[in-house]
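A quick write-up on the structure given underneath.
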Amino acid sequence: MELKTLNEIKYQKPAINLLKLALEKDRLSHAYLFTGIKGVGKETTARAFILHLFCEKSKENPCKECKSCKKVFKKVHPDILELFPEKREITIKQVREVINFLKYAPVEASYKVVLIRDAEKLNPEAGNALLKSLEEPPSYALFILITENFTQLLPTIVSRTQVVRFRSLPESFIAEELKKKYWLEEEIALTLARVAQGSLGLAIEIAEKGVIEELHAFVKAGVSESELAKFKVVERLASLSKEQIEIFFYILSMWVWISYLARKSVSTYPKAFPEETYKGDPFKAIELIKEVQFAIERYAHQELAFFRLMLNLFSNTQEYTT
């Protein structure tokens with residue numbers, strides 16, 4: 001992840017202004033809750049905020065070159081503790097590390113920062129243990145919780161934080177970033193920006209994992225009469241990583257839904273999508289996609305699951321007119 005200052009973060013003006021004002025007035029909350037959809041700059045902003053707090057030369061314009069800035073960048077600063085889910089949740093054992101971490105004064109900086117990613121995955125025990133630290137934190141403690149959905153957190157935790165909301169990013173900005181980073185053609189960049197629905201992070205994941213190409217292959221095999229073509233695509237999909245499969249299901253659902261909207265003249269159909277649009281019932285199709293995704297997450301045989309999805313999705317695609 002590229003290390004940025006608050007001054008370099010775009011399209012999150014309300015959030016950035018709030019943090020800058022707190023720094024300028026030296027009136028920091030003991031705990032911040034950064035909330036917004038995935039991939040809109042929450043973690044980037046959290047690290048930028050820490051950079052402003054820890055830089056040895058300037059709090060307004062961090063240098064990125066001093067010893068402290070470099071430690072923040074390398075994630076080795078002794079006054080920063082990061083928490084993130086172990087497997088599927090954040091445990092009480094991890095929160096106890098926070099309690100021990102905050103027992104002692106900062107080693108090098110003025111603050112000790114606890115950065116909690118995917119904070120909504122605190123299990124009940126961990127959440128209650130963290131609450132005690134939020135209620136009576138030492139003066140040098142600063143918590144930054146990052147979440148896509150703060151409603152999944154304990155209300156008592158939310159009430160003890162300052163909520164900082166992050167907005168979806170403009171499609172034009174996402175498309176330009178993709179073209180700069182991956183040298184993508186205009187049509188592909190615009191399509192990825194559109195289906196990512198305001199999330200630069202998601203657009204980057206789709207671009208890096210080649211999911212648009214997998215969608216093309218899946219649709220082409222699905223409408224084909226060749227059983228061999230179907231088996232080849234299914235076999236390749238089953239070999240993808242868990243993250244790639246998750247994004248494939250997302251892009252497949254978007255293809256179904258955007259096909260429906262295009263038929264209803266509600267929106268245009270992306271040129272970078274497969275030539276073949278989905279003509280069946282979009283609601284039944286998306287329900288089927290979710291069922292197969294759930295089965296795979298529960299360790300169903302992946303090739304059989306994908307083959308069932310392909311057969312059922314394309315077996316009844318007469319035009320949906322209701």
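As shown in the structure tokens, the chain order sets the letters A, B, ...; within each chain, residues go from 1, and ligands are also counted from 1 in the order they appear.
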
Checklist entry - Would you give me, as a PyMOL selection string, the residues in segment 50-184 of chain A that DSSP reads as alpha helix (DSSP H)? => result chain A and resi 50-54+67-74+92-101+124-135+155-159+171-182

Selection export as a PDB file, in the first residue's frame, atoms kept: C-alpha atoms:
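So the final result, stored in again-v9.pdb, reads:
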ATOM      1  CA  ILE A  50      -0.864   8.213  11.915  1.00  0.00           C
ATOM      2  CA  LEU A  51       1.847   9.657   9.688  1.00  0.00           C
ATOM      3  CA  HIS A  52       0.727  13.184  10.592  1.00  0.00           C
ATOM      4  CA  LEU A  53       0.772  12.268  14.279  1.00  0.00           C
ATOM      5  CA  PHE A  54       4.192  10.623  14.244  1.00  0.00           C
ATOM      6  CA  LYS A  67      12.986   7.742  10.964  1.00  0.00           C
ATOM      7  CA  SER A  68       9.463   7.737  12.351  1.00  0.00           C
ATOM      8  CA  CYS A  69       7.764   8.047   8.946  1.00  0.00           C
ATOM      9  CA  LYS A  70       9.827   5.181   7.575  1.00  0.00           C
ATOM     10  CA  LYS A  71       8.840   2.986  10.518  1.00  0.00           C
ATOM     11  CA  VAL A  72       5.179   3.785   9.919  1.00  0.00           C
ATOM     12  CA  PHE A  73       5.611   2.868   6.253  1.00  0.00           C
ATOM     13  CA  LYS A  74       7.376  -0.413   7.074  1.00  0.00           C
ATOM     14  CA  ILE A  92     -10.316 -11.862  23.047  1.00  0.00           C
ATOM     15  CA  LYS A  93      -6.703 -13.064  23.015  1.00  0.00           C
ATOM     16  CA  GLN A  94      -5.904 -10.327  20.501  1.00  0.00           C
ATOM     17  CA  VAL A  95      -7.712  -7.689  22.570  1.00  0.00           C
ATOM     18  CA  ARG A  96      -5.672  -8.742  25.601  1.00  0.00           C
ATOM     19  CA  GLU A  97      -2.596  -7.861  23.548  1.00  0.00           C
ATOM     20  CA  VAL A  98      -4.082  -4.374  23.204  1.00  0.00           C
ATOM     21  CA  ILE A  99      -4.552  -4.111  26.966  1.00  0.00           C
ATOM     22  CA  ASN A 100      -0.921  -5.126  27.571  1.00  0.00           C
ATOM     23  CA  PHE A 101       0.275  -2.797  24.805  1.00  0.00           C
ATOM     24  CA  PRO A 124     -18.676 -10.828  21.486  1.00  0.00           C
ATOM     25  CA  GLU A 125     -16.000 -11.548  24.085  1.00  0.00           C
ATOM     26  CA  ALA A 126     -13.434  -9.432  22.252  1.00  0.00           C
ATOM     27  CA  GLY A 127     -15.918  -6.604  21.776  1.00  0.00           C
ATOM     28  CA  ASN A 128     -16.756  -6.447  25.462  1.00  0.00           C
ATOM     29  CA  ALA A 129     -13.078  -6.556  26.421  1.00  0.00           C
ATOM     30  CA  LEU A 130     -12.262  -3.748  23.982  1.00  0.00           C
ATOM     31  CA  LEU A 131     -15.130  -1.693  25.374  1.00  0.00           C
ATOM     32  CA  LYS A 132     -13.404  -1.489  28.752  1.00  0.00           C
ATOM     33  CA  SER A 133     -10.295  -0.002  27.118  1.00  0.00           C
ATOM     34  CA  LEU A 134     -12.421   2.500  25.214  1.00  0.00           C
ATOM     35  CA  GLU A 135     -14.219   3.567  28.380  1.00  0.00           C
ATOM     36  CA  PRO A 155     -23.678   0.005  19.898  1.00  0.00           C
ATOM     37  CA  THR A 156     -21.716   0.771  23.063  1.00  0.00           C
ATOM     38  CA  ILE A 157     -18.464   0.645  21.079  1.00  0.00           C
ATOM     39  CA  VAL A 158     -19.851   2.952  18.385  1.00  0.00           C
ATOM     40  CA  SER A 159     -21.056   5.421  21.030  1.00  0.00           C
ATOM     41  CA  GLU A 171     -16.490   6.298 -11.552  1.00  0.00           C
ATOM     42  CA  SER A 172     -14.361   8.724 -13.587  1.00  0.00           C
ATOM     43  CA  PHE A 173     -11.698   8.829 -10.862  1.00  0.00           C
ATOM     44  CA  ILE A 174     -11.634   5.019 -10.532  1.00  0.00           C
ATOM     45  CA  ALA A 175     -11.337   4.602 -14.315  1.00  0.00           C
ATOM     46  CA  GLU A 176      -8.425   7.054 -14.513  1.00  0.00           C
ATOM     47  CA  GLU A 177      -6.609   5.315 -11.650  1.00  0.00           C
ATOM     48  CA  LEU A 178      -7.038   1.952 -13.371  1.00  0.00           C
ATOM     49  CA  LYS A 179      -5.722   3.275 -16.668  1.00  0.00           C
ATOM     50  CA  LYS A 180      -2.667   4.759 -14.954  1.00  0.00           C
ATOM     51  CA  LYS A 181      -1.943   1.659 -12.887  1.00  0.00           C
ATOM     52  CA  TYR A 182      -2.681  -1.101 -15.417  1.00  0.00           C
TER      53      TYR A 182
END

Leaving out segment 271-278 of chain A and any residue of its chain fewer than 5 positions from it, which residues lie within 8 Å of it when counting only C-alpha atoms, given as a PDB file with C-alpha atoms, in the first residue's frame?
ATOM      1  CA  GLU A 187     -13.804   0.599 -22.251  1.00  0.00           C
ATOM      2  CA  ILE A 188     -12.407  -1.942 -19.799  1.00  0.00           C
ATOM      3  CA  THR A 191     -16.586  -1.112 -17.077  1.00  0.00           C
ATOM      4  CA  ILE A 212     -13.727 -10.040 -16.598  1.00  0.00           C
ATOM      5  CA  LEU A 215     -16.794 -13.991 -17.056  1.00  0.00           C
ATOM      6  CA  HIS A 216     -16.357 -13.973 -20.845  1.00  0.00           C
ATOM      7  CA  VAL A 219     -20.763 -17.048 -20.611  1.00  0.00           C
ATOM      8  CA  LYS A 220     -19.306 -18.307 -23.888  1.00  0.00           C
ATOM      9  CA  TRP A 255     -23.561  -9.151 -15.420  1.00  0.00           C
ATOM     10  CA  VAL A 256     -27.005 -10.643 -14.759  1.00  0.00           C
ATOM     11  CA  SER A 259     -28.187  -7.214 -18.549  1.00  0.00           C
ATOM     12  CA  TYR A 260     -31.661  -6.833 -17.056  1.00  0.00           C
ATOM     13  CA  THR A 317     -32.933 -18.041 -20.476  1.00  0.00           C
TER      14      THR A 317
END

Next on the checklist: Here is a test: counting only C-alpha atoms, which residue of A:Phe314, A:Tyr32, A:Tyr250, A:Phe84 is nearest to Gln197 of chain A?
Outcome noted: A:Tyr250

Next on the checklist: When you look at Pro138 of chain A with a cut-off of 9 Å (counting only C-alpha atoms), what residues show up, excluding the ones that are within fewer than 3 positions of it in the same chain? I need them as a list in words.
Outcome noted: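 Using only C-alpha atoms, the neighbours found are His30, Leu102, Lys103, Ala105, Ser133, Ala141 and Leu142 of chain A.
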
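Put simply, atom CA of Pro62 of chain A is 9.6 Å away from atom CA of Asn7 of chain A.
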
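Closest to Val76 of chain A among A:Leu311, A:Glu108, A:Asp118, A:Phe283 is A:Glu108, based on only C-alpha atoms.
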
Checklist entry - Of the candidates A:Glu148, A:Glu227, A:Asp79, A:Glu60, which one gets nearest to Val164 of chain A if we count only C-alpha atoms? => result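 Between A:Glu148, A:Glu227, A:Asp79, A:Glu60, the residue approaching Val164 of chain A most closely is A:Glu148.
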
Checklist entry - Counting only C-alpha atoms, what is within 10 Å of Leu28 of chain A, bar same-chain residues fewer than 4 positions away, as a PyMOL selection string? => result chain A and resi 19-24+32+142+162

Item to check | Picked from segment 58-166 of chain A by DSSP as strand (DSSP E or B), as number ranges by chain | outcome: A: 80-83, 86, 89-90, 112-116, 122, 141-147, 162-165
